[in-house]
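Participant: This is data20.pdb (PDB, C-alpha atoms).
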```
ATOM      1  CA  MET A 206       1.540 236.394-157.319
ATOM      2  CA  ASP A 207       0.618 239.172-154.894
ATOM      3  CA  GLU A 208      -2.887 239.329-156.377
ATOM      4  CA  LEU A 209      -3.454 235.554-156.390
ATOM      5  CA  GLN A 210      -6.631 234.568-154.556
ATOM      6  CA  ILE A 211      -7.635 231.210-153.077
ATOM      7  CA  GLY A 212      -8.944 228.965-155.830
ATOM      8  CA  GLU A 213      -7.043 230.728-158.610
ATOM      9  CA  THR A 214      -4.305 229.044-160.637
ATOM     10  CA  TYR A 215      -0.758 230.282-161.064
ATOM     11  CA  ILE A 216       1.210 228.819-163.975
ATOM     12  CA  THR A 217       4.982 228.853-163.605
ATOM     13  CA  LYS A 218       7.693 229.070-166.210
ATOM     14  CA  THR A 219       8.869 225.796-167.759
ATOM     15  CA  ARG A 220      11.818 223.806-166.408
ATOM     16  CA  THR A 221      13.816 221.171-168.330
ATOM     17  CA  VAL A 222      15.394 218.231-166.485
ATOM     18  CA  THR A 223      19.069 217.851-167.458
ATOM     19  CA  GLU A 224      21.759 215.225-166.969
ATOM     20  CA  ASN A 225      23.531 217.690-164.657
ATOM     21  CA  ASP A 226      20.377 217.922-162.537
ATOM     22  CA  VAL A 227      20.366 214.140-162.088
ATOM     23  CA  LEU A 228      24.085 213.990-161.255
ATOM     24  CA  ASN A 229      23.972 216.965-158.898
ATOM     25  CA  PHE A 230      20.934 215.594-157.055
ATOM     26  CA  ALA A 231      22.625 212.192-156.706
ATOM     27  CA  ASN A 232      25.719 213.840-155.266
ATOM     28  CA  VAL A 233      23.660 215.787-152.732
ATOM     29  CA  SER A 234      21.276 212.966-151.791
ATOM     30  CA  GLY A 235      23.587 209.972-152.139
ATOM     31  CA  ASP A 236      20.978 208.273-154.352
ATOM     32  CA  PHE A 237      22.866 206.507-157.140
ATOM     33  CA  PHE A 238      20.105 203.971-157.883
ATOM     34  CA  TYR A 239      20.695 202.120-161.168
ATOM     35  CA  ALA A 240      17.615 203.656-162.833
ATOM     36  CA  HIS A 241      19.276 207.076-162.699
ATOM     37  CA  PHE A 242      22.672 206.080-164.138
ATOM     38  CA  ASP A 243      22.779 202.648-165.789
ATOM     39  CA  ASP A 244      21.307 202.693-169.309
ATOM     40  CA  ASP A 245      21.248 198.912-169.728
ATOM     41  CA  ALA A 246      19.755 198.153-166.328
ATOM     42  CA  ALA A 247      17.146 200.895-166.707
ATOM     43  CA  ARG A 248      16.212 199.627-170.184
ATOM     44  CA  ALA A 249      15.623 196.136-168.755
ATOM     45  CA  SER A 250      13.446 197.499-165.937
ATOM     46  CA  ILE A 251       9.947 198.923-165.644
ATOM     47  CA  PHE A 252      11.462 202.375-166.315
ATOM     48  CA  GLU A 253      12.686 201.462-169.857
ATOM     49  CA  LYS A 254      15.039 204.482-169.790
ATOM     50  CA  ARG A 255      17.148 206.243-167.192
ATOM     51  CA  VAL A 256      14.942 208.489-165.074
ATOM     52  CA  ALA A 257      15.417 211.543-162.917
ATOM     53  CA  HIS A 258      14.965 211.208-159.161
ATOM     54  CA  GLY A 259      11.330 211.695-158.155
ATOM     55  CA  TYR A 260      12.372 213.829-155.215
ATOM     56  CA  PHE A 261      14.485 216.010-157.510
ATOM     57  CA  VAL A 262      11.427 216.651-159.698
ATOM     58  CA  LEU A 263       9.365 217.437-156.611
ATOM     59  CA  SER A 264      12.013 219.856-155.318
ATOM     60  CA  ALA A 265      12.467 221.529-158.695
ATOM     61  CA  ALA A 266       8.698 221.914-159.064
ATOM     62  CA  ALA A 267       8.520 223.568-155.646
ATOM     63  CA  GLY A 268      11.275 225.943-156.704
ATOM     64  CA  LEU A 269       9.272 227.085-159.712
ATOM     65  CA  PHE A 270       6.723 228.951-157.623
ATOM     66  CA  VAL A 271       9.008 230.369-154.929
ATOM     67  CA  ASP A 272       9.650 234.088-155.189
ATOM     68  CA  PRO A 273      13.190 234.784-153.931
ATOM     69  CA  SER A 274      12.417 238.315-152.773
ATOM     70  CA  PRO A 275      11.077 239.058-149.283
ATOM     71  CA  GLY A 276       7.316 239.152-149.053
ATOM     72  CA  PRO A 277       4.324 236.887-148.480
ATOM     73  CA  VAL A 278       5.121 233.240-147.818
ATOM     74  CA  GLN A 279       3.414 230.520-149.829
ATOM     75  CA  ALA A 280       2.587 227.620-147.536
ATOM     76  CA  ASN A 281       2.968 223.986-148.518
ATOM     77  CA  TYR A 282      -0.014 222.321-146.911
ATOM     78  CA  GLY A 283       1.309 218.788-147.305
ATOM     79  CA  LEU A 284       2.026 215.925-149.635
ATOM     80  CA  GLU A 285      -0.174 213.158-148.291
ATOM     81  CA  ASN A 286      -1.407 212.163-151.748
ATOM     82  CA  LEU A 287       1.879 212.525-153.614
ATOM     83  CA  ARG A 288       2.439 209.799-156.209
ATOM     84  CA  PHE A 289       5.123 209.505-158.861
ATOM     85  CA  THR A 290       2.997 208.335-161.789
ATOM     86  CA  SER A 291       5.149 209.431-164.732
ATOM     87  CA  ARG A 292       8.815 209.067-165.438
ATOM     88  CA  PHE A 293      10.993 212.092-166.045
ATOM     89  CA  ILE A 294      13.990 211.511-168.306
ATOM     90  CA  SER A 295      16.679 213.990-169.233
ATOM     91  CA  GLY A 296      15.093 216.584-171.505
ATOM     92  CA  THR A 297      11.635 216.348-169.932
ATOM     93  CA  ARG A 298      10.039 219.791-169.672
ATOM     94  CA  PHE A 299       7.523 220.592-166.967
ATOM     95  CA  LYS A 300       5.774 223.456-165.216
ATOM     96  CA  GLN A 301       3.555 223.947-162.181
ATOM     97  CA  ASN A 302      -0.044 225.058-162.296
TER      98      ASN A 302
END
```
Please express what this file holds, its structure, as structure tokens.

Facilitator:
Amino acid sequence: MDELQIGETYITKTRTVTENDVLNFANVSGDFFYAHFDDDAARASIFEKRVAHGYFVLSAAAGLFVDPSPGPVQANYGLENLRFTSRFISGTRFKQN
């Protein structure tokens, strides 16, 4: 990413959402909303299946482009237009670009 210029696109590796991700995020955040853990309730809702936490997906996506070694810092300019428009269920694969 050292050579990345403004306006260019960087495509990250792929990440798969797992059941452990959902459980671990719930334990850290305290968010045990039914749509994350109750199959029957989620099926009867607008989600239709259990879903991962939106803020987990956001955090995991941010982690895909962070380089752990010292060096230039990538700034997050803001999330004013953030919308959760798709559901992420266990097994969903995603990447950043």

Participant: Using all atoms listed in the file - which residues lie no farther than 12 Å from the point (13.8, 227.0, -161.1) in the file's frame? Write them as an MDAnalysis selection string.

Facilitator: chainID A and resid 217:222 226 261:273 298:301

Participant: I want to know what sits within 12 Å of range 288-296 of chain A, based on all atoms listed in the file, with residues of the same chain fewer than 6 positions away left out; could you give that as an MDAnalysis selection string?

Facilitator: chainID A and resid 219:228 240:242 244 247 251:263

Participant: Would you work out the distance separating CA of Ile216 in chain A from CA of Pro277 in chain A, expressed in Å to one decimal?

Facilitator: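 A separation of 17.7 Å between them.
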
Participant: Using CA of Gly283 in chain A and CA of Ile211 in chain A as the two end points, give the distance in Å to one decimal.

Facilitator: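 It comes out at 16.4 Å.
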
Participant: CA of Phe230 in chain A and CA of Ser274 in chain A are how many Å apart?

Facilitator: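 Calculated distance between CA of Phe230 in chain A and CA of Ser274 in chain A is 24.6 Å.
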
Participant: Show me, as JSON, the centre and edge lengths in Å to one decimal of the axis-aligned box that covers every listed atom of range 264-275 of chain A with 8 Å on each side.

Facilitator:
```
{"center_x": 10.0, "center_y": 229.5, "center_z": -154.5, "size_x": 22.5, "size_y": 35.2, "size_z": 26.4}
```
